[in-house]
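Reproduced below: protein-v4.txt, with compact mmCIF, C-alpha atoms.
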```
# COMPACT_ATOMS: atom_id res chain seq x y z
CA MET F 25 -13.45 -7.87 1.15
CA PHE F 26 -10.00 -8.90 0.12
CA VAL F 27 -9.39 -11.83 -2.13
CA THR F 28 -7.87 -14.85 -0.45
CA HIS F 29 -5.31 -16.59 -2.54
CA ARG F 30 -3.04 -19.56 -2.20
CA PHE F 31 0.35 -19.30 -3.73
CA SER F 32 3.18 -21.74 -4.09
CA PHE F 33 6.38 -21.69 -6.05
CA ASP F 34 5.28 -23.44 -9.20
CA PRO F 35 6.50 -23.66 -12.80
CA PHE F 36 3.80 -21.29 -14.05
CA ARG F 37 4.92 -18.58 -11.68
CA GLU F 38 6.77 -16.48 -14.20
CA LEU F 39 4.00 -16.63 -16.75
CA ARG F 40 1.37 -15.70 -14.22
CA GLY F 41 3.61 -12.97 -12.85
CA ALA F 42 3.99 -11.52 -16.33
CA LEU F 43 0.24 -11.57 -16.89
CA GLU F 44 -0.45 -9.93 -13.56
CA HIS F 45 2.13 -7.28 -14.28
CA ALA F 46 0.57 -6.58 -17.66
CA PHE F 47 -2.84 -6.29 -16.08
CA ASN F 48 -1.60 -4.09 -13.28
CA ASP F 49 0.11 -1.78 -15.71
CA VAL F 50 -3.17 -1.38 -17.56
CA ALA F 51 -4.92 -0.72 -14.25
CA ARG F 52 -2.34 1.90 -13.32
CA VAL F 53 -2.44 3.68 -16.64
CA THR F 54 -6.22 3.79 -16.74
CA GLY F 55 -6.36 4.75 -13.07
CA LEU F 56 -8.71 1.95 -12.05
CA PRO F 57 -9.07 1.81 -8.29
CA ALA F 58 -6.97 -0.80 -6.54
CA LEU F 59 -9.77 -3.19 -5.68
CA THR F 60 -10.79 -3.76 -9.26
CA ARG F 61 -7.39 -5.27 -9.96
CA ALA F 62 -7.45 -9.03 -10.15
CA GLU F 63 -4.85 -9.56 -7.50
CA SER F 64 -4.87 -10.91 -3.99
CA PHE F 65 -4.16 -8.90 -0.91
CA PRO F 66 -1.59 -8.26 0.22
CA ALA F 67 0.72 -8.40 -2.77
CA LEU F 68 4.01 -10.11 -1.90
CA ASN F 69 7.61 -9.73 -2.93
CA VAL F 70 9.82 -12.69 -2.08
CA TRP F 71 13.57 -12.99 -2.42
CA GLU F 72 16.47 -14.94 -0.99
CA ARG F 73 19.69 -13.52 0.36
CA ASP F 74 22.43 -14.82 2.66
CA GLU F 75 20.69 -18.12 3.45
CA LYS F 76 17.50 -16.26 4.39
CA LEU F 77 14.16 -15.93 2.67
CA PHE F 78 12.57 -12.48 2.75
CA VAL F 79 8.82 -12.06 2.33
CA GLU F 80 7.62 -8.48 2.09
CA ALA F 81 4.08 -7.09 2.02
CA GLU F 82 2.69 -3.58 1.97
CA LEU F 83 0.16 -3.28 4.81
CA PRO F 84 -0.44 0.43 5.32
CA GLY F 85 -2.33 1.37 8.46
CA LEU F 86 -1.80 -1.94 10.24
CA THR F 87 0.06 -2.62 13.47
CA LEU F 88 1.67 -5.95 14.42
CA ASP F 89 -1.41 -6.64 16.58
CA ASP F 90 -3.54 -6.72 13.42
CA ILE F 91 -1.31 -9.35 11.81
CA ASP F 92 -1.17 -13.08 12.48
CA LEU F 93 1.83 -14.96 11.14
CA THR F 94 2.37 -18.70 11.33
CA VAL F 95 4.94 -21.06 9.88
CA THR F 96 3.95 -24.72 9.73
CA GLY F 97 6.43 -26.94 7.98
CA ARG F 98 6.96 -25.35 4.60
CA GLU F 99 3.91 -23.17 4.72
CA LEU F 100 3.80 -19.53 5.75
CA THR F 101 0.39 -18.09 6.58
CA LEU F 102 -0.19 -14.36 6.76
CA LYS F 103 -3.56 -13.29 8.10
CA GLY F 104 -4.90 -10.00 9.26
CA ARG F 105 -7.61 -7.45 9.27
CA ARG F 106 -7.80 -3.84 8.27
CA LYS F 107 -10.42 -1.69 9.90
CA ALA F 108 -12.60 0.69 7.95
CA ALA F 109 -11.82 4.41 8.07
CA GLY F 110 -15.06 5.25 9.84
CA ASP F 111 -18.52 4.00 10.52
CA GLU F 112 -21.02 3.44 7.74
CA LYS F 113 -22.81 6.72 8.32
CA ILE F 114 -19.91 8.75 6.98
CA ALA F 115 -20.27 10.25 3.50
CA PHE F 116 -17.49 8.78 1.37
CA HIS F 117 -16.64 10.64 -1.82
CA ARG F 118 -14.12 7.97 -2.65
CA ARG F 119 -13.55 4.60 -1.11
CA GLU F 120 -10.65 2.76 -2.68
CA ARG F 121 -8.77 1.51 0.38
CA GLY F 122 -9.70 -2.09 1.03
CA THR F 123 -10.89 -3.19 4.44
CA GLY F 124 -11.77 -6.43 6.11
CA GLU F 125 -9.99 -9.72 6.62
CA PHE F 126 -7.30 -11.11 4.39
CA SER F 127 -5.11 -14.18 4.26
CA ARG F 128 -2.28 -15.44 2.07
CA PHE F 129 -0.54 -18.77 2.07
CA VAL F 130 2.96 -19.19 0.74
CA THR F 131 4.63 -22.53 0.17
CA LEU F 132 8.25 -21.97 1.05
CA PRO F 133 10.94 -23.21 -1.35
CA PHE F 134 12.96 -24.80 1.48
CA ASP F 135 12.74 -25.70 5.16
CA VAL F 136 13.19 -22.79 7.54
CA GLU F 137 14.11 -22.39 11.21
CA ALA F 138 10.58 -21.71 12.40
CA ASP F 139 11.77 -20.54 15.82
CA ALA F 140 14.05 -17.91 14.30
CA VAL F 141 11.51 -16.26 11.99
CA GLU F 142 11.35 -12.51 12.48
CA ALA F 143 8.80 -9.94 11.36
CA LEU F 144 9.36 -6.20 11.14
CA LEU F 145 6.67 -3.64 10.38
CA ARG F 146 7.84 -0.17 9.47
CA ASP F 147 5.90 2.61 7.73
CA GLY F 148 3.28 0.15 6.56
CA VAL F 149 5.79 -2.31 5.08
CA LEU F 150 5.96 -5.77 6.64
CA THR F 151 9.19 -7.73 6.21
CA ILE F 152 9.32 -11.37 7.29
CA VAL F 153 12.80 -12.91 7.55
CA LEU F 154 12.93 -16.71 7.45
CA PRO F 155 16.37 -18.25 8.01
CA LYS F 156 17.05 -21.37 5.99
CA ALA F 157 17.15 -24.55 8.05
CA GLU F 158 20.60 -26.01 8.51
CA ARG F 159 19.69 -29.13 6.55
CA SER F 160 18.54 -27.04 3.58
CA ARG F 161 21.67 -24.94 3.29
CA THR F 162 23.92 -25.22 0.34
CA ARG F 163 27.19 -26.78 1.31
CA LYS F 164 30.31 -26.08 -0.53
CA ILE F 165 32.08 -29.31 -1.24
CA GLU F 166 35.75 -29.11 -1.84
CA VAL F 167 36.97 -31.18 -4.68
CA LYS F 168 40.46 -32.45 -4.17
CA THR F 169 42.64 -33.10 -7.07
CA SER F 170 44.83 -36.11 -6.88
CA ALA F 171 48.43 -35.19 -7.12
CA MET S 1 -26.65 18.69 1.60
CA ASN S 2 -23.42 20.31 0.67
CA THR S 3 -22.79 20.07 -3.04
CA GLN S 4 -19.03 20.33 -2.87
CA THR S 5 -17.35 17.63 -4.88
CA ILE S 6 -13.87 16.33 -5.39
CA THR S 7 -12.89 15.12 -8.78
CA ARG S 8 -9.64 13.57 -9.75
CA SER S 9 -7.60 15.59 -12.17
CA ASP S 10 -6.94 12.95 -14.75
CA ASP S 11 -6.67 14.80 -18.01
CA PRO S 12 -3.21 14.01 -19.38
CA VAL S 13 -3.10 17.30 -21.26
CA THR S 14 -3.75 19.62 -18.35
CA ARG S 15 -2.12 17.47 -15.72
CA PRO S 16 1.14 19.02 -14.55
CA GLU S 17 4.11 16.93 -15.48
CA PRO S 18 6.49 15.86 -12.73
CA THR S 19 10.05 17.10 -12.98
CA ARG S 20 11.42 13.87 -11.58
CA GLY S 21 11.80 11.02 -13.98
CA GLY S 22 10.58 7.47 -13.55
CA ARG S 23 7.14 6.10 -12.92
CA THR S 24 5.00 6.80 -9.91
CA PHE S 25 2.09 4.92 -8.42
CA SER S 26 -1.30 6.37 -7.71
CA PRO S 27 -2.13 5.70 -4.05
CA ALA S 28 -5.53 4.27 -3.10
CA VAL S 29 -7.53 6.91 -1.24
CA ASP S 30 -10.62 7.35 0.88
CA ILE S 31 -12.19 10.80 0.90
CA ILE S 32 -14.67 11.51 3.65
CA GLU S 33 -16.81 14.60 3.91
CA ARG S 34 -17.99 15.95 7.21
CA ASN S 35 -19.79 19.18 7.87
CA ASP S 36 -16.68 21.18 8.68
CA GLU S 37 -13.92 19.37 6.80
CA LEU S 38 -12.86 16.93 4.15
CA THR S 39 -10.58 14.11 5.24
CA LEU S 40 -8.37 12.32 2.74
CA LEU S 41 -6.65 9.05 3.61
CA ALA S 42 -3.99 7.76 1.22
CA ASP S 43 -2.14 4.43 1.37
CA MET S 44 1.53 5.25 0.90
CA PRO S 45 3.55 2.35 2.34
CA GLY S 46 7.23 3.09 2.88
CA VAL S 47 6.65 6.85 3.04
CA ARG S 48 7.56 8.85 6.13
CA ALA S 49 6.49 12.37 7.12
CA GLU S 50 9.66 13.98 5.80
CA ASP S 51 9.16 12.29 2.42
CA ILE S 52 5.79 13.89 1.71
CA ASP S 53 5.14 17.00 -0.31
CA ILE S 54 1.62 18.47 -0.31
CA ARG S 55 0.54 21.44 -2.39
CA TYR S 56 -2.77 23.19 -2.63
CA GLU S 57 -3.07 25.91 -5.20
CA ARG S 58 -6.16 27.34 -6.84
CA GLY S 59 -8.24 24.32 -6.01
CA LEU S 60 -5.64 21.76 -7.10
CA LEU S 61 -4.45 19.47 -4.34
CA SER S 62 -1.27 17.51 -5.15
CA ILE S 63 0.29 14.89 -2.95
CA TYR S 64 3.71 13.38 -3.58
CA GLY S 65 5.46 10.76 -1.47
CA ARG S 66 9.06 9.77 -2.01
CA VAL S 67 9.83 6.10 -1.39
CA LYS S 68 13.42 5.12 -0.73
CA PRO S 69 14.52 2.14 -2.80
CA ARG S 70 14.74 -0.80 -0.43
CA TYR S 71 16.10 -3.66 -2.50
CA ALA S 72 19.68 -4.45 -3.38
CA GLU S 73 20.45 -3.78 -7.02
CA ASP S 74 21.18 -7.42 -7.76
CA VAL S 75 18.08 -8.76 -6.00
CA ALA S 76 16.61 -11.82 -7.68
CA PHE S 77 12.92 -12.06 -6.81
CA LEU S 78 11.35 -15.50 -6.41
CA LEU S 79 8.04 -13.66 -6.50
CA GLU S 80 7.50 -10.06 -7.48
CA GLU S 81 3.89 -8.97 -7.23
CA TYR S 82 4.38 -5.25 -6.80
CA GLY S 83 6.81 -2.55 -7.71
CA VAL S 84 8.24 0.11 -5.45
CA ALA S 85 8.21 3.72 -6.63
CA ASP S 86 7.14 7.17 -5.48
CA PHE S 87 3.45 7.93 -4.99
CA SER S 88 1.76 10.82 -6.72
CA ARG S 89 -1.83 11.93 -7.18
CA SER S 90 -3.69 15.18 -7.73
CA PHE S 91 -7.27 16.20 -7.04
CA GLN S 92 -9.36 19.10 -8.15
CA VAL S 93 -10.91 20.23 -4.91
CA GLY S 94 -13.84 22.62 -5.11
CA GLU S 95 -13.29 26.10 -3.72
CA GLY S 96 -13.91 26.66 -0.08
CA ILE S 97 -10.93 25.02 1.59
CA ASP S 98 -9.05 27.05 4.16
CA ALA S 99 -5.53 26.43 2.84
CA SER S 100 -3.86 27.89 5.92
CA LYS S 101 -5.46 25.24 8.12
CA ILE S 102 -4.70 22.12 6.10
CA GLY S 103 -3.29 19.49 8.44
CA ALA S 104 -1.33 16.37 7.53
CA GLU S 105 0.11 13.41 9.36
CA VAL S 106 1.52 10.04 8.38
CA ARG S 107 1.19 6.93 10.47
CA GLN S 108 2.10 3.39 9.44
CA GLY S 109 2.29 4.38 5.79
CA VAL S 110 -1.11 6.09 5.71
CA LEU S 111 -1.32 9.82 4.99
CA THR S 112 -4.21 11.61 6.68
CA LEU S 113 -5.01 15.05 5.27
CA ARG S 114 -7.53 17.29 6.94
CA LEU S 115 -8.93 20.02 4.72
CA PRO S 116 -11.09 22.37 6.78
CA LYS S 117 -13.86 24.13 4.91
CA THR S 118 -14.09 27.88 5.00
CA GLU S 119 -16.91 29.31 7.07
CA ALA S 120 -18.95 30.07 3.94
CA THR S 121 -19.04 26.49 2.64
CA ARG S 122 -20.11 24.78 5.83
CA THR S 123 -23.58 23.39 5.88
CA ARG S 124 -25.77 25.29 8.22
CA LYS S 125 -28.75 23.83 9.88
CA ILE S 126 -31.56 26.29 9.74
CA ARG S 127 -34.08 25.95 12.41
CA VAL S 128 -37.63 26.47 11.28
CA ARG S 129 -39.79 27.83 13.99
CA PRO S 130 -43.48 27.27 13.95
CA ALA S 131 -45.47 30.40 13.31
```
Could you quickly redo this structure as structure tokens?
Amino acid sequence: MFVTHRFSFDPFRELRGALEHAFNDVARVTGLPALTRAESFPALNVWERDEKLFVEAELPGLTLDDIDLTVTGRELTLKGRRKAAGDEKIAFHRRERGTGEFSRFVTLPFDVEADAVEALLRDGVLTIVLPKAERSRTRKIEVKTSA
Amino acid sequence: MNTQTITRSDDPVTRPEPTRGGRTFSPAVDIIERNDELTLLADMPGVRAEDIDIRYERGLLSIYGRVKPRYAEDVAFLLEEYGVADFSRSFQVGEGIDASKIGAEVRQGVLTLRLPKTEATRTRKIRVRPA
């Protein structure tokens, strides 16, 4: 089973990120299988560009039908399920690819236009594009100088 | 039971060194054995068929998947839980694979490799007739 994890943009983010990176590097160097890593599934990369928030997850083997995305207020929920490679009778020499249900919750840093959220799944990479709500956009305020 | 095994070639001394620089990630795999073939499934998100290089030589199976960088150079992550780099992993596969019949396909970022066994290594069911 995957680990379910709640994440929000909090002040300890960077510290935790650094710790997770350090741990993951150890896992990669020692070649520990993915599921022994203390991380939730799926891992997320989040960035902002051009008044849009991008949330990306690696979900190899899934189709959009396997994924359930909801935006409620400032919370994004990503749920899904990955099927096992075969039935239980098969002889597995290695079984590192996680299966089962997963869910992640992300508290968004600003209000988004929930109706305009788009999701794209290509080559096992899911990209969710969340446009910033009009009221949350940064406005440039012109400062006039008195002559 | 067939005694064929697959072991991961992990020895840093004997492991062939890649010619390309930079780090690579080791993809998570499932390896399934059936009577007539071994099937290897590898999670390689972001990799397409034309980006995959598979070699099988003297029992060493190497898979390499190139991943195109997908972030702008000046990207400022609010959250960065994973890195994006090429995938690479090698396996020492026991003898008895018919190299000319190895089949590969990629779908939704998952590589499926079919490694058919040679006739000699297939498990045969021997019927015992009563005397």
Once you count only C-alpha atoms, what closest atom pair and distance in Å to one decimal does each residue of chain S within 7 Å of chain F have, with rows by chain and rising residue number, as CSV?
```
residue,atom,partner,partner_atom,distance
S:Ala28,CA,F:Glu120,CA,5.4
S:Val29,CA,F:Glu120,CA,5.4
S:Asp30,CA,F:Arg119,CA,4.5
S:Ile31,CA,F:Arg118,CA,4.9
S:Ile32,CA,F:Phe116,CA,4.5
S:Glu33,CA,F:Ala115,CA,5.6
S:Asp43,CA,F:Pro84,CA,5.9
S:Met44,CA,F:Pro84,CA,6.8
S:Pro45,CA,F:Gly148,CA,4.8
S:Gly46,CA,F:Asp147,CA,5.1
S:Val47,CA,F:Asp147,CA,6.4
S:Arg48,CA,F:Asp147,CA,6.7
S:Ala76,CA,F:Trp71,CA,6.2
S:Phe77,CA,F:Trp71,CA,4.5
S:Leu78,CA,F:Trp71,CA,5.2
S:Leu79,CA,F:Val70,CA,4.9
S:Glu80,CA,F:Asn69,CA,4.6
S:Glu81,CA,F:Leu68,CA,5.5
S:Tyr82,CA,F:Ala67,CA,6.3
S:Arg107,CA,F:Gly85,CA,6.9
S:Gln108,CA,F:Asp147,CA,4.2
S:Gly109,CA,F:Gly148,CA,4.4
S:Val110,CA,F:Gly85,CA,5.6
```
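Proximity of F:Leu88, F:Lys164, F:Val95, F:Gly104 to F:Glu137, computed with only C-alpha atoms, is greatest for F:Val95.
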Handout entry: F:Lys156 environment, 9 Å, only C-alpha atoms, sequence neighbours closer than 4 positions dropped, as a PyMOL selection string
Key = chain F and resi 75-77+134-137+160-161
Handout entry: Contacts of S:Ser100 within 12 Å, all atoms listed in the file, excl. fewer than 5 positions in-chain, as JSON, numbers by chain
Key = {"S": [55, 56, 57, 114, 115, 116, 117, 118]}
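Distance-wise, atom CA of S:Glu95 and atom CA of S:Leu61 end up 11.1 Å apart.
Here atom CA of F:Arg105 stands at a distance of 24.5 Å from atom CA of S:Val67.
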Test item: residues at most 7 Å from F:Thr101, only C-alpha atoms, excluding those fewer than 5 positions along its chain, as a compact mmCIF listing (two decimals) with C-alpha atoms, in the frame of the given file:
```txt
# COMPACT_ATOMS: atom_id res chain seq x y z
CA LEU F 93 1.83 -14.96 11.14
CA THR F 94 2.37 -18.70 11.33
CA VAL F 95 4.94 -21.06 9.88
CA ARG F 128 -2.28 -15.44 2.07
CA PHE F 129 -0.54 -18.77 2.07
CA VAL F 130 2.96 -19.19 0.74
```
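The space between atom CA of F:Gly124 and atom CA of S:Ala42 spans 16.9 Å.
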Problem - Distance criterion (all atoms listed in the file): nearest to S:Ile52 out of S:Gly94, S:Lys101, S:Phe87, S:Asp36 - result: S:Phe87
Exercise for the section: Compare F:Ala157, F:Ala143, F:Leu100, F:Ile152 by their minimum atom-to-atom distance to F:Thr131, counting all atoms listed in the file, and give me the closest one. Expected result: F:Leu100
Problem - All residues 12 Å or closer to stretch 62-66 of chain S, all atoms listed in the file, same chain fewer than 3 positions away omitted, as a count of residues only - result: 53
